[in-house]
file structure27.cif (mmCIF, C-alpha atoms and all ligand atoms)
data_entry
#
loop_
_atom_site.label_atom_id
_atom_site.label_comp_id
_atom_site.auth_asym_id
_atom_site.auth_seq_id
_atom_site.Cartn_x
_atom_site.Cartn_y
_atom_site.Cartn_z
CA MET A 1 0.79 28.01 -54.58
CA SER A 2 0.23 29.97 -57.73
CA GLU A 3 2.49 32.87 -58.50
CA ALA A 4 -0.23 34.92 -60.13
CA GLU A 5 -2.44 34.68 -57.08
CA ILE A 6 0.25 36.03 -54.83
CA THR A 7 1.51 38.86 -56.96
CA THR A 8 -1.99 40.25 -57.39
CA ASN A 9 -2.49 40.24 -53.64
CA THR A 10 -0.62 43.45 -52.95
CA GLY A 11 -2.66 44.96 -50.15
CA ASP A 12 -2.92 42.78 -47.07
CA SER A 13 -0.54 39.98 -46.36
CA PRO A 14 -1.59 36.53 -47.56
CA ASN A 15 -3.21 34.93 -44.51
CA ASP A 16 -2.24 31.41 -45.37
CA LEU A 17 1.44 32.34 -45.48
CA VAL A 18 1.88 35.13 -42.97
CA GLU A 19 1.05 35.18 -39.29
CA ASN A 20 1.84 38.09 -36.97
CA GLY A 21 3.84 39.63 -39.80
CA LEU A 22 6.15 36.63 -40.05
CA ASN A 23 6.40 33.65 -42.40
CA LYS A 24 4.05 31.00 -41.08
CA LEU A 25 5.73 28.20 -43.03
CA VAL A 26 9.23 26.97 -43.77
CA VAL A 27 10.84 28.62 -46.79
CA LYS A 28 12.28 26.11 -49.25
CA CYS A 29 13.88 26.05 -52.67
CA LYS A 30 11.29 25.61 -55.43
CA TYR A 31 13.55 23.33 -57.38
CA CYS A 32 15.27 21.04 -54.90
CA GLY A 33 13.42 21.59 -51.62
CA SER A 34 16.53 22.72 -49.74
CA LYS A 35 15.57 24.45 -46.51
CA ILE A 36 16.34 28.16 -46.77
CA LEU A 37 14.64 29.71 -43.75
CA ASP A 38 12.81 28.32 -40.80
CA LYS A 39 9.29 29.47 -39.96
CA LYS A 40 8.71 32.77 -38.14
CA LEU A 41 12.15 34.17 -38.93
CA GLY A 42 11.30 36.43 -41.89
CA LYS A 43 9.29 39.62 -41.62
CA TYR A 44 6.76 40.02 -44.42
CA ILE A 45 7.16 43.32 -46.24
CA LEU A 46 5.84 44.95 -49.39
CA GLN A 47 8.30 46.85 -51.57
CA GLU A 48 8.76 47.04 -55.30
CA LYS A 49 12.12 45.75 -56.49
CA GLU A 50 13.54 44.63 -59.80
CA LEU A 51 15.03 41.16 -59.64
CA PRO A 52 16.92 39.45 -62.47
CA LEU A 53 15.04 36.47 -63.85
CA MET A 54 16.28 33.09 -62.71
CA GLN A 55 16.70 31.92 -66.27
CA GLN A 56 18.22 34.47 -68.61
CA ASP A 57 17.55 34.23 -72.32
CA THR A 58 20.97 33.79 -73.90
CA ARG A 59 19.73 35.17 -77.22
CA LYS A 60 19.46 38.61 -75.66
CA GLU A 61 23.15 38.97 -75.12
CA GLY A 62 24.52 41.57 -72.74
CA GLU A 63 21.27 42.68 -71.22
CA ILE A 64 19.88 41.35 -68.01
CA GLN A 65 16.17 40.62 -67.99
CA ASN A 66 14.41 41.67 -64.80
CA GLU A 67 10.94 41.45 -63.38
CA LYS A 68 9.21 43.47 -60.70
CA VAL A 69 8.76 41.70 -57.40
CA ASN A 70 6.93 43.19 -54.43
CA GLN A 71 6.52 40.66 -51.65
CA PHE A 72 9.52 39.81 -49.53
CA TYR A 73 10.60 38.26 -46.27
CA HIS A 74 12.99 40.59 -44.52
CA VAL A 75 15.84 38.90 -42.62
CA GLU A 76 18.13 41.15 -40.59
CA ASN A 77 20.95 38.76 -39.77
CA MET A 78 22.31 36.56 -42.56
CA PHE A 79 23.10 33.78 -40.11
CA THR A 80 19.38 33.36 -39.50
CA PHE A 81 19.23 31.45 -42.80
CA ASP A 82 19.54 27.70 -42.77
CA ASN A 83 21.08 27.27 -46.19
CA ILE A 84 21.72 30.06 -48.66
CA GLY A 85 24.29 31.28 -51.17
CA PHE A 86 25.51 34.86 -51.63
CA THR A 87 26.82 35.96 -55.02
CA HIS A 88 29.64 38.37 -55.60
CA THR A 89 28.63 41.99 -55.17
CA VAL A 90 26.90 43.84 -57.99
CA ASP A 91 26.15 47.54 -57.34
CA CYS A 92 25.94 47.24 -53.55
CA TYR A 93 23.84 44.09 -53.71
CA LYS A 94 24.54 40.43 -53.42
CA TYR A 95 21.96 38.05 -54.83
CA LEU A 96 20.70 35.11 -52.81
CA SER A 97 20.68 31.60 -54.23
CA CYS A 98 19.83 28.09 -53.16
CA ALA A 99 22.84 26.59 -51.37
CA ASP A 100 22.12 23.16 -52.79
CA CYS A 101 21.14 23.64 -56.44
CA ASP A 102 22.26 27.26 -56.94
CA ALA A 103 18.88 28.35 -58.30
CA GLY A 104 18.33 32.05 -57.96
CA PRO A 105 18.14 34.89 -57.36
CA VAL A 106 15.67 34.00 -54.64
CA GLY A 107 16.22 37.46 -53.21
CA TYR A 108 18.96 39.94 -52.47
CA TYR A 109 21.25 41.24 -49.75
CA ASP A 110 21.80 44.96 -49.28
CA MET A 111 25.49 45.69 -48.61
CA ASN A 112 24.68 48.97 -46.83
CA SER A 113 22.04 47.79 -44.38
CA LYS A 114 23.39 44.20 -44.31
CA HIS A 115 19.81 42.98 -44.44
CA SER A 116 18.50 40.22 -46.69
CA TYR A 117 15.22 40.03 -48.62
CA VAL A 118 13.70 36.81 -49.92
CA ALA A 119 11.11 37.06 -52.69
CA LEU A 120 7.95 35.08 -51.91
CA SER A 121 7.41 34.36 -55.58
CA ARG A 122 10.84 32.75 -55.92
CA ILE A 123 10.56 30.21 -53.15
CA GLU A 124 8.23 27.46 -51.96
CA HIS A 125 6.38 27.33 -48.65
CA ALA A 126 6.22 24.04 -46.83
CA MET B 1 15.58 38.02 -32.22
CA ALA B 2 16.98 35.04 -30.37
CA LYS B 3 20.13 33.43 -31.66
CA THR B 4 19.19 30.54 -33.90
CA TYR B 5 22.41 28.54 -33.61
CA ASP B 6 25.03 27.27 -31.18
CA TYR B 7 28.18 27.76 -33.23
CA LEU B 8 29.23 29.82 -36.22
CA PHE B 9 32.35 28.76 -38.13
CA LYS B 10 33.93 30.68 -40.97
CA LEU B 11 35.67 28.35 -43.44
CA LEU B 12 37.93 29.12 -46.40
CA LEU B 13 38.71 27.16 -49.56
CA ILE B 14 42.36 27.66 -50.57
CA GLY B 15 44.50 26.18 -53.32
CA ASP B 16 45.98 26.73 -56.76
CA SER B 17 43.90 27.99 -59.63
CA GLY B 18 41.88 25.27 -61.34
CA VAL B 19 41.92 22.70 -58.54
CA GLY B 20 38.13 22.95 -58.14
CA LYS B 21 37.49 25.29 -55.20
CA THR B 22 34.58 27.00 -56.91
CA SER B 23 33.21 23.65 -58.07
CA ILE B 24 33.29 22.35 -54.50
CA LEU B 25 31.21 25.31 -53.36
CA PHE B 26 29.04 25.58 -56.45
CA ARG B 27 26.99 22.75 -57.81
CA PHE B 28 29.10 21.10 -60.49
CA SER B 29 27.60 21.69 -63.91
CA GLU B 30 28.80 20.41 -67.23
CA ASP B 31 26.16 22.25 -69.23
CA ALA B 32 27.91 24.09 -71.99
CA PHE B 33 24.92 26.43 -71.99
CA ASN B 34 24.49 27.23 -68.36
CA ILE B 35 22.36 30.32 -68.51
CA SER B 36 21.45 30.85 -64.89
CA PHE B 37 21.96 34.37 -63.66
CA ILE B 38 23.71 33.11 -60.53
CA SER B 39 26.38 31.20 -62.43
CA THR B 40 27.34 34.26 -64.46
CA ILE B 41 27.95 36.31 -61.33
CA GLY B 42 29.41 33.57 -59.19
CA ILE B 43 29.09 32.68 -55.53
CA ASP B 44 31.07 34.56 -52.91
CA PHE B 45 30.11 32.40 -49.95
CA LYS B 46 27.46 30.04 -48.69
CA ILE B 47 25.82 29.60 -45.34
CA ARG B 48 24.98 26.06 -44.34
CA THR B 49 23.42 24.72 -41.19
CA ILE B 50 24.46 21.34 -39.92
CA ASP B 51 23.75 19.33 -36.82
CA LEU B 52 26.74 18.14 -34.85
CA ASP B 53 25.96 16.06 -31.80
CA GLY B 54 22.71 17.92 -31.23
CA LYS B 55 24.27 21.36 -31.68
CA LYS B 56 23.17 23.67 -34.46
CA VAL B 57 26.29 24.73 -36.34
CA LYS B 58 26.31 27.44 -39.00
CA LEU B 59 29.06 27.23 -41.57
CA GLN B 60 29.98 30.25 -43.62
CA ILE B 61 32.06 28.86 -46.47
CA TRP B 62 34.11 31.25 -48.62
CA ASP B 63 35.53 30.62 -52.05
CA THR B 64 38.79 32.40 -52.85
CA ALA B 65 39.63 34.08 -56.11
CA GLY B 66 41.63 32.10 -58.63
CA GLN B 67 44.29 34.66 -59.41
CA GLU B 68 45.33 34.87 -55.78
CA ARG B 69 48.66 33.21 -55.25
CA PHE B 70 49.93 32.19 -51.85
CA ARG B 71 52.44 35.00 -52.07
CA THR B 72 49.73 37.62 -52.10
CA ILE B 73 47.37 36.17 -49.52
CA THR B 74 47.90 37.95 -46.26
CA THR B 75 46.51 38.26 -42.78
CA ALA B 76 43.44 40.23 -43.80
CA TYR B 77 42.41 37.37 -46.00
CA TYR B 78 42.39 34.83 -43.24
CA ARG B 79 40.86 37.09 -40.60
CA GLY B 80 38.23 35.35 -38.56
CA SER B 81 38.50 32.06 -40.39
CA MET B 82 38.49 29.03 -38.12
CA GLY B 83 38.90 26.33 -40.73
CA ILE B 84 40.74 26.05 -44.02
CA MET B 85 40.26 23.49 -46.77
CA LEU B 86 43.54 23.08 -48.65
CA VAL B 87 42.63 21.84 -52.11
CA TYR B 88 44.84 20.28 -54.76
CA ASP B 89 44.02 18.52 -58.00
CA VAL B 90 45.05 14.85 -58.19
CA THR B 91 45.67 15.29 -61.92
CA ASN B 92 48.03 18.22 -61.32
CA GLU B 93 51.39 17.51 -59.66
CA LYS B 94 52.22 21.18 -59.25
CA SER B 95 49.04 21.91 -57.30
CA PHE B 96 50.00 19.12 -54.92
CA GLU B 97 53.53 20.41 -54.42
CA ASN B 98 52.11 23.85 -53.73
CA ILE B 99 50.12 22.58 -50.75
CA LYS B 100 53.30 22.97 -48.70
CA ASN B 101 53.53 26.59 -49.75
CA TRP B 102 49.90 27.16 -48.85
CA ILE B 103 50.49 25.62 -45.44
CA ARG B 104 53.50 27.87 -44.89
CA ASN B 105 51.41 30.87 -45.90
CA ILE B 106 48.69 29.88 -43.45
CA GLU B 107 51.23 29.45 -40.68
CA GLU B 108 52.59 32.93 -41.38
CA ASN B 109 49.28 34.71 -41.75
CA ALA B 110 46.36 32.87 -40.21
CA SER B 111 45.61 32.45 -36.54
CA ALA B 112 47.78 29.75 -35.02
CA ASP B 113 44.96 27.44 -34.05
CA VAL B 114 43.07 27.41 -37.34
CA GLU B 115 41.91 23.88 -38.25
CA LYS B 116 43.09 22.55 -41.59
CA MET B 117 42.14 19.72 -43.90
CA ILE B 118 43.68 18.63 -47.21
CA LEU B 119 41.44 17.71 -50.14
CA GLY B 120 42.73 15.84 -53.19
CA ASN B 121 40.04 16.84 -55.66
CA LYS B 122 39.03 15.42 -59.07
CA CYS B 123 39.56 11.83 -57.92
CA ASP B 124 36.97 10.82 -60.54
CA LEU B 125 39.65 11.42 -63.20
CA ASP B 126 41.65 8.28 -62.50
CA ALA B 127 43.13 8.00 -65.98
CA LYS B 128 44.72 11.43 -65.69
CA ARG B 129 45.92 11.02 -62.13
CA GLN B 130 49.41 12.33 -61.33
CA VAL B 131 49.26 12.20 -57.53
CA SER B 132 48.54 8.89 -55.85
CA LYS B 133 46.28 8.72 -52.85
CA GLU B 134 49.21 7.39 -50.82
CA ARG B 135 51.20 10.57 -51.42
CA GLY B 136 48.26 12.63 -50.26
CA GLU B 137 48.02 10.54 -47.10
CA GLN B 138 51.76 10.82 -46.55
CA LEU B 139 51.65 14.61 -46.76
CA ALA B 140 48.73 14.71 -44.38
CA ILE B 141 50.60 12.57 -41.86
CA GLU B 142 53.66 14.79 -42.20
CA TYR B 143 51.64 17.86 -41.25
CA GLN B 144 49.20 16.03 -38.98
CA ILE B 145 46.24 17.27 -40.96
CA LYS B 146 43.24 15.22 -42.01
CA PHE B 147 43.00 14.25 -45.65
CA VAL B 148 40.38 12.97 -48.04
CA GLU B 149 40.10 12.62 -51.79
CA THR B 150 37.05 14.34 -53.25
CA SER B 151 35.21 14.76 -56.50
CA ALA B 152 33.23 17.93 -56.87
CA LYS B 153 31.89 16.42 -60.06
CA ASP B 154 30.39 13.38 -58.39
CA SER B 155 29.76 15.16 -55.04
CA LEU B 156 32.00 12.55 -53.49
CA ASN B 157 33.24 13.18 -49.95
CA VAL B 158 32.58 16.91 -50.20
CA GLU B 159 29.91 16.99 -47.54
CA TYR B 160 31.91 14.56 -45.47
CA ALA B 161 34.92 16.90 -45.59
CA PHE B 162 32.95 19.89 -44.31
CA TYR B 163 31.42 17.85 -41.50
CA THR B 164 34.84 16.58 -40.49
CA LEU B 165 36.42 20.03 -40.45
CA ALA B 166 33.47 21.49 -38.54
CA ARG B 167 33.56 18.67 -36.02
CA ASP B 168 37.25 19.25 -35.38
CA ILE B 169 36.73 22.98 -34.87
CA LYS B 170 33.88 22.32 -32.48
CA ALA B 171 35.93 19.81 -30.50
CA LYS B 172 38.77 22.29 -30.24
CA MET B 173 36.44 25.05 -29.06
CA GLU B 174 34.84 22.84 -26.46
CA LYS B 175 38.26 21.84 -25.21
CA LYS B 176 39.14 25.51 -24.82
CA GLN B 177 35.87 26.23 -23.02
CA GLU B 178 36.52 23.35 -20.73
CA ALA B 179 39.96 24.68 -19.94
CA SER B 180 38.65 28.13 -19.08
CA ASN B 181 35.54 26.96 -17.18
CA PRO B 182 35.47 25.19 -13.85
CA PRO B 183 34.42 21.58 -14.47
CA GLY B 184 31.18 21.99 -12.51
CA ASN B 185 29.83 24.48 -15.04
CA ARG B 186 30.10 22.21 -17.98
CA SER B 187 26.80 20.40 -17.85
CA GLY B 188 25.13 19.87 -21.19
CA VAL B 189 28.24 20.34 -23.29
CA HIS B 190 29.04 17.05 -24.89
CA GLN B 191 32.76 16.68 -25.10
CA LEU B 192 34.18 14.56 -27.86
CA LYS B 193 36.66 12.04 -26.65
CA ASP B 194 39.94 11.76 -28.51
CA SER B 195 39.05 8.25 -29.50
CA ASP B 196 35.83 9.52 -31.12
CA ARG B 197 37.63 12.10 -33.16
CA GLN B 198 40.30 9.75 -34.44
CA ARG B 199 37.80 7.10 -35.33
CA LYS B 200 39.07 4.83 -38.09
CA PRO B 201 40.69 7.25 -40.50
CA THR B 202 41.38 4.46 -42.98
CA SER B 203 37.71 3.88 -43.70
CA TRP B 204 37.33 7.24 -45.38
CA LEU B 205 40.86 7.54 -46.66
CA SER B 206 40.30 4.60 -48.91
CA ARG B 207 36.80 5.46 -50.00
CA CYS B 208 37.33 7.69 -52.97
CA SER B 209 39.57 5.66 -55.20
CA LEU B 210 37.50 2.54 -54.64
CA LEU B 211 34.51 4.15 -56.26
N1 LIG C 301 36.49 15.87 -63.45
C1 LIG C 301 36.43 16.82 -62.52
N2 LIG C 301 36.58 18.12 -62.88
C2 LIG C 301 36.51 19.06 -61.91
C3 LIG C 301 36.29 18.73 -60.54
N3 LIG C 301 36.27 19.87 -59.83
C4 LIG C 301 36.49 20.88 -60.70
N4 LIG C 301 36.62 20.41 -61.96
C5 LIG C 301 36.87 21.18 -63.18
O1 LIG C 301 38.08 21.87 -63.02
C6 LIG C 301 38.04 23.16 -63.59
C7 LIG C 301 38.43 24.20 -62.58
O2 LIG C 301 37.48 24.20 -61.51
P1 LIG C 301 37.20 25.48 -60.65
O3 LIG C 301 36.20 25.08 -59.63
O4 LIG C 301 36.87 26.63 -61.50
O5 LIG C 301 38.62 25.71 -59.98
P2 LIG C 301 39.04 26.84 -58.92
O6 LIG C 301 39.88 26.18 -57.89
O7 LIG C 301 37.84 27.56 -58.45
O8 LIG C 301 39.96 27.78 -59.81
P3 LIG C 301 40.25 29.33 -59.58
O9 LIG C 301 38.95 30.02 -59.36
O10 LIG C 301 40.95 29.76 -60.83
O11 LIG C 301 41.16 29.42 -58.38
C8 LIG C 301 36.63 23.33 -64.12
O12 LIG C 301 36.61 23.06 -65.49
C9 LIG C 301 35.83 22.28 -63.38
O13 LIG C 301 34.76 21.82 -64.16
C10 LIG C 301 36.13 17.33 -60.20
O14 LIG C 301 35.94 16.93 -59.06
N5 LIG C 301 36.22 16.44 -61.24
MG MG C 302 37.28 29.60 -58.52
ZN ZN C 303 17.63 24.35 -54.67
#
call {"tool": "encode", "arguments": {"input": "structure27.cif", "output": "structure tokens", "more": "lines below"}}
Ligand SMILES: Nc1nc2c(ncn2[C@@H]2O[C@H](COP(=O)(O)OP(=O)(O)OP(=O)(O)O)[C@@H](O)[C@H]2O)c(=O)[nH]1
Ligand SMILES: [Mg+2]
Ligand SMILES: [Zn+2]
result
Amino acid sequence: MSEAEITTNTGDSPNDLVENGLNKLVVKCKYCGSKILDKKLGKYILQEKELPLMQQDTRKEGEIQNEKVNQFYHVENMFTFDNIGFTHTVDCYKYLSCADCDAGPVGYYDMNSKHSYVALSRIEHA
Amino acid sequence: MAKTYDYLFKLLLIGDSGVGKTSILFRFSEDAFNISFISTIGIDFKIRTIDLDGKKVKLQIWDTAGQERFRTITTAYYRGSMGIMLVYDVTNEKSFENIKNWIRNIEENASADVEKMILGNKCDLDAKRQVSKERGEQLAIEYQIKFVETSAKDSLNVEYAFYTLARDIKAKMEKKQEASNPPGNRSGVHQLKDSDRQRKPTSWLSRCSLL
């Protein structure tokens, strides 16, 4: 799976990954393979969001580097996840991380709606 | 959407500051230059899915803030939690002595049937040890709580501890269900026998310091 390929595909959902609007494959951590979400439990949505980069450049002290992400799996109930970490709250959001290697953010949790969003570009499909 | 699990248990990590609660929840990292975004913000809780006797069990594991002292932790804090990991540091006598205070606090504030387990953490630091494994075992016997020495650093016994606590909560819940249901309705629920639950405690009690 190439990141570039996916992020340029903004119109229709990627057929190899999404079926009936849901994730066709198991969602895993890119780094350690930990199972995050089982197949068919995340709803594919398009929305533009800024997510902090997984690796922050320590030379740029005090500022958080973000990137725009627009493909997500929407998960209404947090207990739908297999394994996932939730950070402390920052401005009404919690960030999602791998429960095994703590890589992240792989998405975010909205404190108001209590829904979670997993970025397709930050995870691996298997 | 259909429920994707059989049980959901909320667990808390409790203990003095510096005993390693956050390290038990978070992957232990000795990098002096850990630059991941997640580590700067810190983890509030994790959700983990485990299989216990064919049942899908979700664990929601909460870290607790370091500054909290047992004097200030009240009912609200424990609300809904079904299991508590009481953590001390084997290189810190005071943190061990305070386990009694934590237990008293739990008895005063948490629900009466909350499952507990004592963890003697940092057992990799044998040269600095102040609390012997035997004293940990003795305390556990005194309170009739399970005990294991752990090392968050070496990931030793950490997973084992969570499985053990979860298994005990599940057994307790099934016992309760059994009590409130007529026996005929119980098909499919595998009940742990007492002998299963108590299986050879010495085998894991002795594991940590041998390694
Ligand atoms: N050698 C060793 N060091 C550990 C272990 N667990 C934690 N530490 C170290 O102990 C220190 C304190 O660990 P924390 O996880 O921050 O302790 P805590 O219980 O979360 O402390 P508070 O958040 O203040 O309550 C850190 O420097 C850890 O690296 C362990 O198993 N072995
Ligand atoms: Mg901590
Ligand atoms: Zn991972």
call {"tool": "closest_atom_pairs", "arguments": {"input": "structure27.cif", "of": "chain B", "to": "ligand MG 302 (chain C)", "cutoff": "7 Å", "atoms": "only C-alpha atoms and all ligand atoms", "output": "CSV"}}
result
residue,atom,partner,partner_atom,distance
B:Ser17,CA,C:MG302,MG,6.9
B:Gly18,CA,C:MG302,MG,6.9
B:Gly20,CA,C:MG302,MG,6.7
B:Lys21,CA,C:MG302,MG,5.4
B:Thr22,CA,C:MG302,MG,4.1
B:Asp63,CA,C:MG302,MG,6.8
B:Thr64,CA,C:MG302,MG,6.5
B:Ala65,CA,C:MG302,MG,5.6
B:Gly66,CA,C:MG302,MG,5.0
call {"tool": "residues_around", "arguments": {"input": "structure27.cif", "residues": "stretch 157-168 of chain B", "least_positions_apart": "2", "cutoff": "10 Å", "atoms": "only C-alpha atoms", "output": "ChimeraX atom specification"}}
result
/B:7-11,24-25,50-53,57-59,61,82-85,115-119,121,146-155,170-174,192,197,204,207-208
call {"tool": "write_last_selection", "arguments": {"input": "structure27.cif", "atoms": "C-alpha atoms", "output": "PDB file, in the coordinates of the input"}}
result
ATOM      1  CA  TYR B   7      28.180  27.760 -33.230  1.00  0.00           C
ATOM      2  CA  LEU B   8      29.230  29.820 -36.220  1.00  0.00           C
ATOM      3  CA  PHE B   9      32.350  28.760 -38.130  1.00  0.00           C
ATOM      4  CA  LYS B  10      33.930  30.680 -40.970  1.00  0.00           C
ATOM      5  CA  LEU B  11      35.670  28.350 -43.440  1.00  0.00           C
ATOM      6  CA  ILE B  24      33.290  22.350 -54.500  1.00  0.00           C
ATOM      7  CA  LEU B  25      31.210  25.310 -53.360  1.00  0.00           C
ATOM      8  CA  ILE B  50      24.460  21.340 -39.920  1.00  0.00           C
ATOM      9  CA  ASP B  51      23.750  19.330 -36.820  1.00  0.00           C
ATOM     10  CA  LEU B  52      26.740  18.140 -34.850  1.00  0.00           C
ATOM     11  CA  ASP B  53      25.960  16.060 -31.800  1.00  0.00           C
ATOM     12  CA  VAL B  57      26.290  24.730 -36.340  1.00  0.00           C
ATOM     13  CA  LYS B  58      26.310  27.440 -39.000  1.00  0.00           C
ATOM     14  CA  LEU B  59      29.060  27.230 -41.570  1.00  0.00           C
ATOM     15  CA  ILE B  61      32.060  28.860 -46.470  1.00  0.00           C
ATOM     16  CA  MET B  82      38.490  29.030 -38.120  1.00  0.00           C
ATOM     17  CA  GLY B  83      38.900  26.330 -40.730  1.00  0.00           C
ATOM     18  CA  ILE B  84      40.740  26.050 -44.020  1.00  0.00           C
ATOM     19  CA  MET B  85      40.260  23.490 -46.770  1.00  0.00           C
ATOM     20  CA  GLU B 115      41.910  23.880 -38.250  1.00  0.00           C
ATOM     21  CA  LYS B 116      43.090  22.550 -41.590  1.00  0.00           C
ATOM     22  CA  MET B 117      42.140  19.720 -43.900  1.00  0.00           C
ATOM     23  CA  ILE B 118      43.680  18.630 -47.210  1.00  0.00           C
ATOM     24  CA  LEU B 119      41.440  17.710 -50.140  1.00  0.00           C
ATOM     25  CA  ASN B 121      40.040  16.840 -55.660  1.00  0.00           C
ATOM     26  CA  LYS B 146      43.240  15.220 -42.010  1.00  0.00           C
ATOM     27  CA  PHE B 147      43.000  14.250 -45.650  1.00  0.00           C
ATOM     28  CA  VAL B 148      40.380  12.970 -48.040  1.00  0.00           C
ATOM     29  CA  GLU B 149      40.100  12.620 -51.790  1.00  0.00           C
ATOM     30  CA  THR B 150      37.050  14.340 -53.250  1.00  0.00           C
ATOM     31  CA  SER B 151      35.210  14.760 -56.500  1.00  0.00           C
ATOM     32  CA  ALA B 152      33.230  17.930 -56.870  1.00  0.00           C
ATOM     33  CA  LYS B 153      31.890  16.420 -60.060  1.00  0.00           C
ATOM     34  CA  ASP B 154      30.390  13.380 -58.390  1.00  0.00           C
ATOM     35  CA  SER B 155      29.760  15.160 -55.040  1.00  0.00           C
ATOM     36  CA  LYS B 170      33.880  22.320 -32.480  1.00  0.00           C
ATOM     37  CA  ALA B 171      35.930  19.810 -30.500  1.00  0.00           C
ATOM     38  CA  LYS B 172      38.770  22.290 -30.240  1.00  0.00           C
ATOM     39  CA  MET B 173      36.440  25.050 -29.060  1.00  0.00           C
ATOM     40  CA  GLU B 174      34.840  22.840 -26.460  1.00  0.00           C
ATOM     41  CA  LEU B 192      34.180  14.560 -27.860  1.00  0.00           C
ATOM     42  CA  ARG B 197      37.630  12.100 -33.160  1.00  0.00           C
ATOM     43  CA  TRP B 204      37.330   7.240 -45.380  1.00  0.00           C
ATOM     44  CA  ARG B 207      36.800   5.460 -50.000  1.00  0.00           C
ATOM     45  CA  CYS B 208      37.330   7.690 -52.970  1.00  0.00           C
TER      46      CYS B 208
END
call {"tool": "closest_residue", "arguments": {"input": "structure27.cif", "among": "A:Asp110, A:Asp102, A:Asp16, A:Glu124", "to": "chain B", "atoms": "all atoms listed in the file"}}
result
A:Asp102
call {"tool": "residues_near_ligand", "arguments": {"input": "structure27.cif", "ligand": "ligand ZN 303 (chain C)", "cutoff": "12 Å", "atoms": "all atoms listed in the file", "output": "mmCIF file with C-alpha atoms, keeping the file's coordinate frame"}}
result
data_model
loop_
_atom_site.group_PDB
_atom_site.id
_atom_site.type_symbol
_atom_site.label_atom_id
_atom_site.label_comp_id
_atom_site.auth_asym_id
_atom_site.auth_seq_id
_atom_site.Cartn_x
_atom_site.Cartn_y
_atom_site.Cartn_z
ATOM 1 C CA VAL A 27 10.840 28.620 -46.790
ATOM 2 C CA LYS A 28 12.280 26.110 -49.250
ATOM 3 C CA CYS A 29 13.880 26.050 -52.670
ATOM 4 C CA LYS A 30 11.290 25.610 -55.430
ATOM 5 C CA TYR A 31 13.550 23.330 -57.380
ATOM 6 C CA CYS A 32 15.270 21.040 -54.900
ATOM 7 C CA GLY A 33 13.420 21.590 -51.620
ATOM 8 C CA SER A 34 16.530 22.720 -49.740
ATOM 9 C CA LYS A 35 15.570 24.450 -46.510
ATOM 10 C CA ILE A 36 16.340 28.160 -46.770
ATOM 11 C CA MET A 54 16.280 33.090 -62.710
ATOM 12 C CA ASN A 83 21.080 27.270 -46.190
ATOM 13 C CA ILE A 84 21.720 30.060 -48.660
ATOM 14 C CA GLY A 85 24.290 31.280 -51.170
ATOM 15 C CA LEU A 96 20.700 35.110 -52.810
ATOM 16 C CA SER A 97 20.680 31.600 -54.230
ATOM 17 C CA CYS A 98 19.830 28.090 -53.160
ATOM 18 C CA ALA A 99 22.840 26.590 -51.370
ATOM 19 C CA ASP A 100 22.120 23.160 -52.790
ATOM 20 C CA CYS A 101 21.140 23.640 -56.440
ATOM 21 C CA ASP A 102 22.260 27.260 -56.940
ATOM 22 C CA ALA A 103 18.880 28.350 -58.300
ATOM 23 C CA GLY A 104 18.330 32.050 -57.960
ATOM 24 C CA PRO A 105 18.140 34.890 -57.360
ATOM 25 C CA VAL A 106 15.670 34.000 -54.640
ATOM 26 C CA ARG A 122 10.840 32.750 -55.920
ATOM 27 C CA ILE A 123 10.560 30.210 -53.150
ATOM 28 C CA GLU A 124 8.230 27.460 -51.960
ATOM 29 C CA PHE B 26 29.040 25.580 -56.450
ATOM 30 C CA ARG B 27 26.990 22.750 -57.810
#
call {"tool": "interface_residues", "arguments": {"input": "structure27.cif", "of": "chain B", "to": "chain A", "cutoff": "9 Å", "atoms": "only C-alpha atoms", "output": "PyMOL selection string"}}
result
chain B and resi 1+3-5+8+25-27+33+35-39+41-50+58-60
call {"tool": "closest_residue", "arguments": {"input": "structure27.cif", "among": "A:Ser113, A:Glu63, A:His74, A:Val69", "to": "A:Ile45", "atoms": "only C-alpha atoms"}}
result
A:His74
